[in-house]
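Student: Structure file query_35.txt (compact mmCIF, C-alpha atoms and all ligand atoms) right here:
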# COMPACT_ATOMS: atom_id res chain seq x y z
CA MET A 1 169.05 -87.86 -60.77
CA GLN A 2 171.81 -85.69 -59.36
CA LEU A 3 172.81 -82.74 -61.55
CA ALA A 4 176.20 -81.13 -61.19
CA LEU A 5 177.75 -78.04 -62.72
CA ALA A 6 181.06 -79.12 -64.30
CA PRO A 7 184.05 -76.99 -63.28
CA MET A 8 185.00 -74.37 -65.86
CA ALA A 9 188.01 -72.12 -65.36
CA GLY A 10 187.09 -68.45 -65.80
CA ILE A 11 183.37 -69.24 -65.53
CA THR A 12 182.18 -71.24 -62.53
CA ASP A 13 182.79 -68.58 -59.92
CA GLN A 14 180.50 -67.99 -56.93
CA VAL A 15 178.11 -65.73 -58.84
CA PHE A 16 177.49 -68.11 -61.73
CA ARG A 17 177.35 -71.12 -59.42
CA SER A 18 174.70 -69.46 -57.22
CA LEU A 19 172.50 -68.91 -60.25
CA CYS A 20 172.89 -72.56 -61.20
CA PHE A 21 172.04 -73.71 -57.66
CA GLU A 22 168.93 -71.53 -57.79
CA MET A 23 167.88 -73.31 -60.97
CA GLY A 24 168.24 -76.81 -59.52
CA CYS A 25 171.93 -77.66 -59.65
CA ASP A 26 172.76 -80.13 -56.84
CA LEU A 27 176.55 -79.91 -56.72
CA ALA A 28 179.20 -77.60 -58.12
CA THR A 29 182.97 -77.44 -58.25
CA THR A 30 185.23 -74.41 -58.11
CA GLU A 31 187.40 -73.43 -61.04
CA MET A 32 190.64 -75.42 -60.98
CA VAL A 33 193.24 -74.18 -58.50
CA SER A 34 196.95 -74.84 -58.94
CA ALA A 35 198.16 -76.77 -55.89
CA GLN A 36 201.63 -75.29 -56.12
CA GLY A 37 200.36 -71.79 -56.83
CA TYR A 38 197.99 -71.91 -53.89
CA LEU A 39 200.66 -73.16 -51.50
CA THR A 40 203.21 -70.54 -52.48
CA ALA A 41 200.91 -67.51 -52.93
CA PRO A 42 200.84 -64.79 -50.28
CA ALA A 43 197.71 -65.17 -48.12
CA ASP A 44 196.12 -61.98 -49.48
CA ARG A 45 196.68 -62.78 -53.17
CA ASN A 46 193.48 -61.72 -54.94
CA ALA A 47 193.49 -64.55 -57.49
CA TYR A 48 193.09 -67.22 -54.82
CA ARG A 49 190.69 -65.12 -52.77
CA PHE A 50 188.41 -64.99 -55.81
CA LEU A 51 188.96 -68.62 -56.85
CA LEU A 52 188.05 -69.91 -53.40
CA ALA A 53 185.20 -67.51 -52.63
CA ARG A 54 181.95 -69.24 -51.83
CA LYS A 55 178.57 -67.66 -51.19
CA GLU A 56 176.58 -68.82 -48.19
CA THR A 57 173.59 -69.39 -50.42
CA GLU A 58 175.42 -71.98 -52.52
CA GLY A 59 174.78 -75.69 -52.24
CA PRO A 60 177.48 -78.36 -51.87
CA LEU A 61 180.74 -77.24 -53.45
CA ALA A 62 183.88 -79.25 -54.19
CA VAL A 63 187.23 -77.51 -54.57
CA GLN A 64 189.28 -78.64 -57.54
CA ILE A 65 193.08 -78.78 -57.53
CA PHE A 66 195.57 -79.59 -60.25
CA GLY A 67 199.23 -80.44 -60.17
CA SER A 68 201.63 -83.34 -60.63
CA ASP A 69 203.79 -83.19 -57.53
CA PRO A 70 202.27 -85.56 -54.95
CA VAL A 71 203.64 -83.50 -52.06
CA HIS A 72 202.15 -80.24 -53.33
CA MET A 73 198.87 -81.99 -54.02
CA GLU A 74 198.78 -83.56 -50.58
CA ASN A 75 199.54 -80.27 -48.84
CA ALA A 76 197.02 -78.32 -50.90
CA ALA A 77 194.35 -80.95 -50.27
CA ALA A 78 195.03 -80.80 -46.53
CA ARG A 79 194.90 -77.02 -46.32
CA LEU A 80 191.86 -76.58 -48.55
CA SER A 81 189.96 -79.30 -46.71
CA GLU A 82 190.47 -77.39 -43.45
CA LEU A 83 188.80 -74.20 -44.67
CA GLY A 84 185.32 -75.47 -43.86
CA LEU A 85 184.00 -74.23 -47.22
CA PHE A 86 183.92 -77.36 -49.31
CA CYS A 87 182.34 -80.81 -49.37
CA ALA A 88 185.12 -82.59 -51.28
CA VAL A 89 188.53 -82.15 -52.84
CA ASP A 90 188.38 -82.92 -56.54
CA ILE A 91 191.54 -83.69 -58.49
CA ASN A 92 191.75 -82.47 -62.07
CA MET A 93 192.99 -85.31 -64.26
CA GLY A 94 191.18 -84.14 -67.38
CA CYS A 95 192.36 -80.66 -68.34
CA PRO A 96 193.77 -80.72 -71.89
CA ALA A 97 195.36 -77.23 -71.87
CA GLN A 98 198.99 -77.23 -72.96
CA LYS A 99 200.14 -75.17 -69.99
CA VAL A 100 198.60 -77.77 -67.65
CA VAL A 101 199.62 -80.98 -69.43
CA GLY A 102 203.08 -79.49 -70.08
CA GLY A 103 203.58 -79.69 -66.32
CA GLN A 104 202.40 -83.34 -66.40
CA SER A 105 199.15 -82.28 -64.69
CA GLY A 106 195.51 -82.52 -65.77
CA SER A 107 194.90 -85.09 -68.51
CA ALA A 108 198.65 -85.85 -68.75
CA LEU A 109 198.14 -87.89 -65.56
CA MET A 110 196.07 -90.33 -67.60
CA LYS A 111 199.38 -91.39 -69.21
CA ASP A 112 200.92 -92.13 -65.83
CA ILE A 113 198.55 -94.28 -63.80
CA PRO A 114 201.02 -94.98 -60.94
CA LEU A 115 201.59 -91.24 -60.42
CA ALA A 116 197.85 -90.50 -60.59
CA ALA A 117 197.19 -93.21 -58.00
CA GLU A 118 200.01 -91.94 -55.78
CA ILE A 119 198.52 -88.43 -55.86
CA VAL A 120 195.08 -89.75 -54.91
CA ARG A 121 196.50 -91.91 -52.11
CA ARG A 122 198.35 -88.99 -50.57
CA CYS A 123 195.43 -86.57 -50.93
CA VAL A 124 193.07 -89.09 -49.33
CA LYS A 125 195.43 -89.48 -46.39
CA ALA A 126 195.92 -85.74 -45.94
CA SER A 127 192.42 -84.42 -46.62
CA LEU A 128 189.65 -84.09 -44.07
CA LEU A 129 187.19 -84.39 -46.95
CA PRO A 130 186.39 -87.09 -49.50
CA VAL A 131 188.66 -87.00 -52.55
CA THR A 132 187.14 -87.30 -56.02
CA VAL A 133 188.65 -87.39 -59.51
CA LYS A 134 187.66 -85.69 -62.76
CA MET A 135 189.06 -87.57 -65.72
CA ARG A 136 188.73 -88.11 -69.46
CA ILE A 137 188.60 -91.47 -71.26
CA GLY A 138 192.27 -91.46 -72.22
CA TRP A 139 195.04 -89.47 -73.87
CA ASP A 140 194.11 -90.26 -77.46
CA GLU A 141 192.05 -92.72 -79.51
CA GLU A 142 194.91 -95.26 -79.44
CA SER A 143 195.31 -95.16 -75.67
CA ILE A 144 191.82 -95.23 -74.20
CA ASN A 145 192.42 -96.44 -70.65
CA ALA A 146 189.48 -95.04 -68.71
CA VAL A 147 188.55 -98.36 -67.09
CA ASP A 148 192.08 -99.16 -65.86
CA PHE A 149 192.59 -95.59 -64.78
CA ALA A 150 189.27 -95.46 -62.91
CA ARG A 151 190.07 -98.75 -61.12
CA ALA A 152 193.49 -97.46 -60.07
CA VAL A 153 192.31 -94.13 -58.68
CA THR A 154 189.34 -95.66 -56.87
CA ASP A 155 191.60 -98.39 -55.42
CA ALA A 156 193.75 -95.49 -54.22
CA GLY A 157 190.75 -94.06 -52.36
CA ALA A 158 188.82 -91.73 -54.69
CA THR A 159 185.20 -91.84 -53.53
CA ALA A 160 183.58 -90.67 -56.78
CA LEU A 161 184.54 -90.02 -60.39
CA CYS A 162 183.38 -87.58 -63.02
CA VAL A 163 184.20 -88.80 -66.51
CA HIS A 164 184.26 -86.46 -69.51
CA GLY A 165 183.77 -88.83 -72.44
CA ARG A 166 186.54 -87.46 -74.65
CA THR A 167 190.26 -88.03 -75.03
CA ARG A 168 192.78 -85.29 -74.36
CA LYS A 169 193.53 -85.16 -78.07
CA GLN A 170 189.91 -84.39 -78.86
CA GLN A 171 189.95 -81.42 -76.47
CA TYR A 172 186.30 -80.35 -76.92
CA SER A 173 185.74 -81.56 -80.49
CA GLY A 174 183.93 -84.63 -81.78
CA LYS A 175 181.26 -86.33 -79.76
CA ALA A 176 181.53 -87.45 -76.14
CA ASN A 177 181.79 -91.22 -75.89
CA TRP A 178 179.03 -92.12 -73.41
CA GLU A 179 179.53 -95.87 -74.02
CA GLU A 180 183.02 -95.63 -72.52
CA ILE A 181 181.56 -93.84 -69.50
CA ALA A 182 179.16 -96.79 -69.13
CA ARG A 183 182.14 -99.17 -69.07
CA VAL A 184 183.76 -97.12 -66.30
CA ARG A 185 180.52 -97.10 -64.30
CA GLN A 186 180.32 -100.89 -64.54
CA ALA A 187 183.98 -101.34 -63.57
CA VAL A 188 184.04 -99.42 -60.29
CA SER A 189 181.94 -99.44 -57.16
CA VAL A 190 181.97 -95.68 -56.49
CA PRO A 191 179.41 -93.25 -58.00
CA VAL A 192 180.29 -92.10 -61.52
CA THR A 193 179.09 -88.80 -62.94
CA ALA A 194 178.73 -88.70 -66.72
CA ASN A 195 179.93 -85.56 -68.48
CA GLY A 196 180.16 -84.28 -72.03
CA ASP A 197 177.67 -82.97 -74.56
CA ILE A 198 174.64 -82.57 -72.36
CA TRP A 199 172.97 -79.57 -73.96
CA ASP A 200 169.29 -80.04 -73.19
CA ALA A 201 166.75 -82.40 -71.64
CA ALA A 202 166.87 -84.85 -74.56
CA SER A 203 170.66 -85.26 -74.43
CA ALA A 204 170.54 -85.58 -70.63
CA LEU A 205 167.97 -88.39 -70.83
CA GLU A 206 169.97 -90.13 -73.56
CA CYS A 207 173.25 -89.77 -71.66
CA ALA A 208 171.66 -91.23 -68.52
CA ARG A 209 170.18 -94.09 -70.55
CA ILE A 210 173.47 -94.99 -72.24
CA THR A 211 175.79 -94.53 -69.26
CA GLY A 212 173.43 -95.82 -66.57
CA CYS A 213 174.77 -93.02 -64.36
CA HIS A 214 172.61 -91.45 -61.65
CA SER A 215 174.60 -88.27 -61.77
CA LEU A 216 175.26 -85.98 -64.73
CA ALA A 217 177.48 -82.91 -65.02
CA VAL A 218 176.84 -80.09 -67.45
CA GLY A 219 179.40 -77.55 -68.56
CA ARG A 220 179.05 -75.54 -71.75
CA GLY A 221 175.32 -76.16 -71.99
CA ALA A 222 174.79 -73.99 -68.90
CA LEU A 223 176.59 -70.97 -70.37
CA GLY A 224 174.00 -68.23 -70.67
CA ASN A 225 171.48 -70.91 -69.73
CA PRO A 226 171.52 -71.71 -66.02
CA TRP A 227 167.86 -72.73 -66.57
CA LEU A 228 169.26 -75.94 -68.10
CA PHE A 229 169.23 -77.52 -64.63
CA ARG A 230 165.52 -76.79 -64.28
CA GLU A 231 164.85 -78.14 -67.78
CA ILE A 232 166.70 -81.40 -67.13
CA LYS A 233 165.16 -81.89 -63.68
CA ALA A 234 161.69 -81.40 -65.18
CA ALA A 235 162.41 -84.00 -67.86
CA PHE A 236 163.52 -86.61 -65.32
CA GLU A 237 160.42 -85.90 -63.23
CA GLY A 238 158.18 -86.05 -66.30
CA LYS A 239 157.03 -82.47 -65.74
CA PRO A 240 156.49 -79.79 -68.38
CA TYR A 241 159.16 -77.14 -68.81
CA GLU A 242 158.82 -73.71 -70.32
CA LYS A 243 161.91 -71.94 -71.59
CA PRO A 244 162.58 -68.52 -70.01
CA SER A 245 161.19 -65.51 -71.86
CA PHE A 246 163.63 -62.88 -73.08
CA PRO A 247 162.63 -60.44 -70.29
CA GLU A 248 163.43 -63.18 -67.78
CA ILE A 249 166.78 -63.85 -69.47
CA MET A 250 167.51 -60.13 -69.45
CA GLU A 251 166.62 -59.79 -65.78
CA THR A 252 168.90 -62.71 -64.87
CA ALA A 253 171.75 -61.37 -67.02
CA LEU A 254 171.50 -57.99 -65.28
CA ARG A 255 171.33 -59.57 -61.85
CA HIS A 256 174.39 -61.66 -62.75
CA GLY A 257 176.12 -58.41 -63.77
CA ARG A 258 175.12 -56.53 -60.62
CA GLU A 259 176.39 -59.32 -58.39
CA MET A 260 179.62 -59.61 -60.34
CA ILE A 261 180.25 -55.87 -60.07
CA ALA A 262 179.39 -55.80 -56.37
CA TRP A 263 182.03 -58.53 -55.92
CA LYS A 264 184.81 -57.52 -58.29
CA GLY A 265 184.20 -53.81 -58.89
CA GLU A 266 182.88 -52.21 -62.07
CA LYS A 267 185.97 -52.53 -64.27
CA SER A 268 186.83 -56.19 -63.61
CA GLY A 269 183.16 -57.10 -63.19
CA MET A 270 182.25 -55.72 -66.61
CA LEU A 271 185.22 -57.50 -68.20
CA GLU A 272 184.11 -60.76 -66.62
CA MET A 273 180.55 -60.20 -67.78
CA ARG A 274 181.34 -59.77 -71.48
CA LYS A 275 181.43 -63.47 -72.25
CA HIS A 276 178.34 -64.17 -70.13
CA LEU A 277 176.33 -61.41 -71.83
CA GLY A 278 177.25 -62.83 -75.23
CA TRP A 279 175.99 -66.24 -74.10
CA TYR A 280 172.77 -64.88 -72.59
CA VAL A 281 171.72 -63.29 -75.88
CA THR A 282 172.66 -66.31 -78.02
CA GLY A 283 169.68 -67.46 -80.01
CA GLN A 284 167.81 -64.13 -79.79
CA ARG A 285 166.90 -62.44 -83.05
CA GLY A 286 169.11 -59.62 -84.25
CA VAL A 287 172.05 -60.09 -81.91
CA ALA A 288 174.98 -60.03 -84.32
CA ARG A 289 175.88 -56.36 -83.90
CA LEU A 290 174.51 -56.22 -80.39
CA ARG A 291 177.26 -58.59 -79.26
CA THR A 292 179.93 -56.16 -80.40
CA LYS A 293 178.20 -53.34 -78.54
CA LEU A 294 177.84 -55.48 -75.41
CA ASN A 295 181.56 -56.20 -75.61
CA LEU A 296 182.34 -52.50 -75.62
CA ALA A 297 179.94 -51.60 -72.79
CA THR A 298 181.68 -50.24 -69.71
CA SER A 299 178.70 -50.07 -67.36
CA LEU A 300 175.61 -52.10 -66.57
CA ASP A 301 173.41 -49.10 -67.42
CA GLU A 302 174.74 -49.30 -70.96
CA VAL A 303 174.07 -53.05 -71.05
CA GLU A 304 170.54 -52.51 -69.78
CA LYS A 305 169.83 -49.98 -72.54
CA LEU A 306 171.20 -52.33 -75.22
CA LEU A 307 169.15 -55.25 -73.94
CA SER A 308 166.00 -53.10 -73.65
CA THR A 309 166.39 -52.07 -77.27
CA LEU A 310 166.57 -55.71 -78.26
CA LEU A 311 163.56 -56.48 -76.06
CA HIS A 312 161.38 -53.68 -77.40
CA THR A 313 162.34 -53.68 -81.06
CA GLY A 314 163.35 -57.34 -81.46
CA ALA A 315 166.43 -56.17 -83.33
CA GLU A 316 169.55 -54.07 -83.00
CA GLU A 317 169.37 -50.31 -83.13
C1 LIG B 1 186.02 -72.83 -70.70
C2 LIG B 1 186.15 -74.17 -70.02
C3 LIG B 1 186.88 -74.27 -68.86
C4 LIG B 1 187.02 -75.53 -68.24
N1 LIG B 1 187.70 -75.60 -67.06
C5 LIG B 1 187.78 -76.79 -66.39
C6 LIG B 1 188.39 -76.88 -65.10
O1 LIG B 1 188.85 -75.89 -64.51
N2 LIG B 1 188.43 -78.11 -64.52
C7 LIG B 1 187.92 -79.23 -65.12
O2 LIG B 1 187.99 -80.32 -64.56
N3 LIG B 1 187.33 -79.16 -66.33
C8 LIG B 1 187.23 -77.97 -66.96
N4 LIG B 1 186.57 -77.90 -68.16
C9 LIG B 1 185.91 -79.10 -68.71
C10 LIG B 1 184.44 -79.18 -68.26
O3 LIG B 1 184.35 -79.38 -66.87
C11 LIG B 1 183.72 -80.34 -68.97
O4 LIG B 1 184.38 -81.53 -68.65
C12 LIG B 1 183.69 -80.20 -70.49
O5 LIG B 1 183.36 -78.89 -70.87
C13 LIG B 1 182.71 -81.19 -71.12
O6 LIG B 1 181.40 -80.98 -70.65
P1 LIG B 1 180.30 -80.19 -71.56
O7 LIG B 1 180.22 -80.88 -72.88
O8 LIG B 1 179.05 -80.25 -70.75
O9 LIG B 1 180.83 -78.79 -71.73
C14 LIG B 1 186.43 -76.67 -68.80
C15 LIG B 1 185.69 -76.55 -69.98
C16 LIG B 1 185.53 -75.31 -70.59
C17 LIG B 1 184.72 -75.23 -71.86
Would you encode the structure as structure tokens?
Tutor:
Amino acid sequence: MQLALAPMAGITDQVFRSLCFEMGCDLATTEMVSAQGYLTAPADRNAYRFLLARKETEGPLAVQIFGSDPVHMENAAARLSELGLFCAVDINMGCPAQKVVGGQSGSALMKDIPLAAEIVRRCVKASLLPVTVKMRIGWDEESINAVDFARAVTDAGATALCVHGRTRKQQYSGKANWEEIARVRQAVSVPVTANGDIWDAASALECARITGCHSLAVGRGALGNPWLFREIKAAFEGKPYEKPSFPEIMETALRHGREMIAWKGEKSGMLEMRKHLGWYVTGQRGVARLRTKLNLATSLDEVEKLLSTLLHTGAEE
């Protein structure tokens, strides 16, 4: 079973991805990168430097682009494929965010199969790397077109698909439709990665059973829990798995913080870490007020003290 980290804007940067690789992740994808933004940005623009940064210790990494203009997409795919950093160019055809679909990108492409296919065709021609597609199952319940869409983009040259089993309208609500992912897998000859609602070993096993996919991608389940990859791998190998202890969680959270700060500086690094720290302590006893304090912390020393208090007293101060 291949386990991938699903791309998440604002989250799957090089520091988080490295932790996931360490825990057994086989493949990751960058946060989504605007094709037009990338092409028109000055070479030293920090945003793209950070978005495209990749640690040497990482495993295989795809770069994800979004956009709706076939020429921009083709040029971005060509340039990004030449950087020598990535194993594939992934095209985002699943993002539900208004600012993305408003520009006819992301999941809006599921409403325009000819345009989606044209984008894939051009990217395949221009890219030195394989081109893959991340999609949903349709725009809304009334227009589920995952099978037709998958056939069109694979006919256009996409070499693999990752299907999030929800419609655009559902955003992240409701339950992922794994049966529809199974239909896509049966309809195309390229590898299909199943995605949506894999939270633990049991849901991973069930998703694999229903979809028949040999590759799964986890997103939200890995937040504050990069150990999820280890847990799922163990389940597929029939091995026992022990959840990390709180000291281990704390140590990883602090290491995550140290690496983030070394990369982005203390101010931006601490801002980035707030959400991660909140996720790391989820499920621990007595964290309600601790979260607020973690959110106000301006240094890792402060975070360490707050976490030590939780560790030693089992509750907030
Ligand atoms: C905060 C957040 C950011 C996301 N950003 C992206 C993105 O940049 N590109 C993309 O293809 N999907 C993105 N997604 C969707 C995830 O890759 C994934 O398809 C979705 O979360 C369902 O998987 P899950 O149930 O395991 O979380 C994002 C999801 C979340 C929650």
Student: Would you mind telling me which residue in A:Thr298, A:Ser203, A:Ser127, A:Thr252 lies nearest to Gly84 (chain A) when using all atoms listed in the file?
Tutor: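 Among A:Thr298, A:Ser203, A:Ser127, A:Thr252, it is A:Ser127 that comes nearest to Gly84 (chain A).
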Student: Write out as a PDB file with C-alpha atoms, in the coordinates of the input which residues come within 9 Å of region 204-221 of chain A when counting all atoms listed in the file, dropping same-chain ones fewer than 5 positions away.
Tutor:
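Generated file (part07.pdb):
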ATOM      1  CA  MET A   1     169.050 -87.860 -60.770  1.00  0.00           C
ATOM      2  CA  GLN A   2     171.810 -85.690 -59.360  1.00  0.00           C
ATOM      3  CA  LEU A   3     172.810 -82.740 -61.550  1.00  0.00           C
ATOM      4  CA  ALA A   4     176.200 -81.130 -61.190  1.00  0.00           C
ATOM      5  CA  LEU A   5     177.750 -78.040 -62.720  1.00  0.00           C
ATOM      6  CA  ALA A   6     181.060 -79.120 -64.300  1.00  0.00           C
ATOM      7  CA  PRO A   7     184.050 -76.990 -63.280  1.00  0.00           C
ATOM      8  CA  MET A   8     185.000 -74.370 -65.860  1.00  0.00           C
ATOM      9  CA  LEU A  27     176.550 -79.910 -56.720  1.00  0.00           C
ATOM     10  CA  ALA A  28     179.200 -77.600 -58.120  1.00  0.00           C
ATOM     11  CA  CYS A 162     183.380 -87.580 -63.020  1.00  0.00           C
ATOM     12  CA  HIS A 164     184.260 -86.460 -69.510  1.00  0.00           C
ATOM     13  CA  TRP A 178     179.030 -92.120 -73.410  1.00  0.00           C
ATOM     14  CA  GLU A 179     179.530 -95.870 -74.020  1.00  0.00           C
ATOM     15  CA  GLU A 180     183.020 -95.630 -72.520  1.00  0.00           C
ATOM     16  CA  ILE A 181     181.560 -93.840 -69.500  1.00  0.00           C
ATOM     17  CA  ALA A 182     179.160 -96.790 -69.130  1.00  0.00           C
ATOM     18  CA  ARG A 183     182.140 -99.170 -69.070  1.00  0.00           C
ATOM     19  CA  VAL A 184     183.760 -97.120 -66.300  1.00  0.00           C
ATOM     20  CA  ARG A 185     180.520 -97.100 -64.300  1.00  0.00           C
ATOM     21  CA  GLN A 186     180.320-100.890 -64.540  1.00  0.00           C
ATOM     22  CA  PRO A 191     179.410 -93.250 -58.000  1.00  0.00           C
ATOM     23  CA  VAL A 192     180.290 -92.100 -61.520  1.00  0.00           C
ATOM     24  CA  THR A 193     179.090 -88.800 -62.940  1.00  0.00           C
ATOM     25  CA  ALA A 194     178.730 -88.700 -66.720  1.00  0.00           C
ATOM     26  CA  ASN A 195     179.930 -85.560 -68.480  1.00  0.00           C
ATOM     27  CA  GLY A 196     180.160 -84.280 -72.030  1.00  0.00           C
ATOM     28  CA  ASP A 197     177.670 -82.970 -74.560  1.00  0.00           C
ATOM     29  CA  ILE A 198     174.640 -82.570 -72.360  1.00  0.00           C
ATOM     30  CA  TRP A 199     172.970 -79.570 -73.960  1.00  0.00           C
ATOM     31  CA  PRO A 226     171.520 -71.710 -66.020  1.00  0.00           C
ATOM     32  CA  LEU A 228     169.260 -75.940 -68.100  1.00  0.00           C
ATOM     33  CA  PHE A 229     169.230 -77.520 -64.630  1.00  0.00           C
ATOM     34  CA  ILE A 232     166.700 -81.400 -67.130  1.00  0.00           C
ATOM     35  CA  ALA A 235     162.410 -84.000 -67.860  1.00  0.00           C
ATOM     36  CA  PHE A 236     163.520 -86.610 -65.320  1.00  0.00           C
TER      37      PHE A 236
END
Student: Nearest to ligand LIG 1 (chain B): which of A:Leu296, A:Val89, A:Ile144, A:Val153 is it, counting all atoms listed in the file?
Tutor: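 Ranked by minimum distance to ligand LIG 1 (chain B), first place goes to A:Val89.
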Student: Choose the residue, out of A:Glu242, A:Asp200, A:Glu302, A:Asp155, that has the smallest atom-to-atom separation from Val188 (chain A); count all atoms listed in the file.
Tutor: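 When distances to Val188 (chain A) are compared using all atoms listed in the file, the smallest one comes from A:Asp155.
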Student: Interatomic distance between CA of Trp139 (chain A) and CA of Ala187 (chain A)?
Tutor: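 Interatomic distance, CA of Trp139 (chain A) to CA of Ala187 (chain A): 19.2 Å.
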Student: Could you list, as an mmCIF file with C-alpha atoms, in the frame of the given file, every residue within 7 Å of Arg274 (chain A), counting only C-alpha atoms and ignoring same-chain residues fewer than 4 positions away?
Tutor:
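As written to disk, out27.cif reads:
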data_model
loop_
_atom_site.group_PDB
_atom_site.id
_atom_site.type_symbol
_atom_site.label_atom_id
_atom_site.label_comp_id
_atom_site.auth_asym_id
_atom_site.auth_seq_id
_atom_site.Cartn_x
_atom_site.Cartn_y
_atom_site.Cartn_z
ATOM 1 C CA MET A 270 182.250 -55.720 -66.610
ATOM 2 C CA GLY A 278 177.250 -62.830 -75.230
ATOM 3 C CA LEU A 294 177.840 -55.480 -75.410
ATOM 4 C CA ASN A 295 181.560 -56.200 -75.610
#
Student: Using all atoms listed in the file, find the one residue out of A:Pro96, A:Gly165, A:Pro114, A:Gly24 that sits nearest to Pro70 (chain A).
Tutor: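 Nearest candidate to Pro70 (chain A) out of A:Pro96, A:Gly165, A:Pro114, A:Gly24: A:Pro114.
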Student: Extract, using only C-alpha atoms, all DNA, RNA and protein residues at most 7 Å from Leu109 (chain A), discarding same-chain residues fewer than 5 positions from it, and format them as a PyMOL selection string.
Tutor: chain A and resi 93+104+116
Student: Fewer than 5 positions away in the same chain doesn't count, so skip those; otherwise give me all residues within 10 Å of region 51-64 of chain A, counting all atoms listed in the file, as a CSV table (one decimal) with C-alpha atoms, in the frame of the given file.
Tutor:
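Saved to result_7.csv:
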chain,number,residue,atom,x,y,z
A,4,ALA,CA,176.2,-81.1,-61.2
A,5,LEU,CA,177.8,-78.0,-62.7
A,7,PRO,CA,184.0,-77.0,-63.3
A,9,ALA,CA,188.0,-72.1,-65.4
A,10,GLY,CA,187.1,-68.4,-65.8
A,12,THR,CA,182.2,-71.2,-62.5
A,13,ASP,CA,182.8,-68.6,-59.9
A,14,GLN,CA,180.5,-68.0,-56.9
A,15,VAL,CA,178.1,-65.7,-58.8
A,17,ARG,CA,177.4,-71.1,-59.4
A,18,SER,CA,174.7,-69.5,-57.2
A,19,LEU,CA,172.5,-68.9,-60.2
A,20,CYS,CA,172.9,-72.6,-61.2
A,21,PHE,CA,172.0,-73.7,-57.7
A,22,GLU,CA,168.9,-71.5,-57.8
A,24,GLY,CA,168.2,-76.8,-59.5
A,25,CYS,CA,171.9,-77.7,-59.6
A,26,ASP,CA,172.8,-80.1,-56.8
A,27,LEU,CA,176.6,-79.9,-56.7
A,28,ALA,CA,179.2,-77.6,-58.1
A,29,THR,CA,183.0,-77.4,-58.2
A,30,THR,CA,185.2,-74.4,-58.1
A,31,GLU,CA,187.4,-73.4,-61.0
A,32,MET,CA,190.6,-75.4,-61.0
A,33,VAL,CA,193.2,-74.2,-58.5
A,34,SER,CA,197.0,-74.8,-58.9
A,35,ALA,CA,198.2,-76.8,-55.9
A,46,ASN,CA,193.5,-61.7,-54.9
A,77,ALA,CA,194.4,-81.0,-50.3
A,80,LEU,CA,191.9,-76.6,-48.6
A,81,SER,CA,190.0,-79.3,-46.7
A,83,LEU,CA,188.8,-74.2,-44.7
A,85,LEU,CA,184.0,-74.2,-47.2
A,86,PHE,CA,183.9,-77.4,-49.3
A,87,CYS,CA,182.3,-80.8,-49.4
A,88,ALA,CA,185.1,-82.6,-51.3
A,89,VAL,CA,188.5,-82.2,-52.8
A,90,ASP,CA,188.4,-82.9,-56.5
A,91,ILE,CA,191.5,-83.7,-58.5
A,92,ASN,CA,191.8,-82.5,-62.1
A,129,LEU,CA,187.2,-84.4,-47.0
A,130,PRO,CA,186.4,-87.1,-49.5
A,131,VAL,CA,188.7,-87.0,-52.6
A,132,THR,CA,187.1,-87.3,-56.0
A,133,VAL,CA,188.6,-87.4,-59.5
A,134,LYS,CA,187.7,-85.7,-62.8
Student: Would you pick out the contacts of Arg151 (chain A) at 10 Å or less, using only C-alpha atoms, so that residues sharing its chain but fewer than 5 positions from it are not included, and give the list as a list in words?
Tutor: Ile113, Ala117, Ala146, Ala156, Gly157, Ala158, Val184, Ala187, Val188, Ser189 and Val190 of chain A
Student: When you count all atoms listed in the file, which of these residues is closest to ligand LIG 1 (chain B): A:Pro240, A:Gly283, A:Gly224, A:Gly94?
Tutor: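 Under the stated criterion, the closest residue is A:Gly94.
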Student: Can you measure atom C6 of ligand LIG 1 (chain B) to CA of Cys95 (chain A) for me? One decimal in Å is fine.
Tutor: 6.4 Å
Student: Counting only C-alpha atoms, figure out which residue out of A:Trp279, A:Leu271, A:Ala222, A:Phe66 gets nearest to Val100 (chain A).
Tutor: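 Between A:Trp279, A:Leu271, A:Ala222, A:Phe66, the residue approaching Val100 (chain A) most closely is A:Phe66.
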Student: Mind giving me the straight-line distance from CA of Met23 (chain A) to CA of Asn225 (chain A) in Å, one decimal?
Tutor: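 Distance reported for this atom pair: 9.8 Å.
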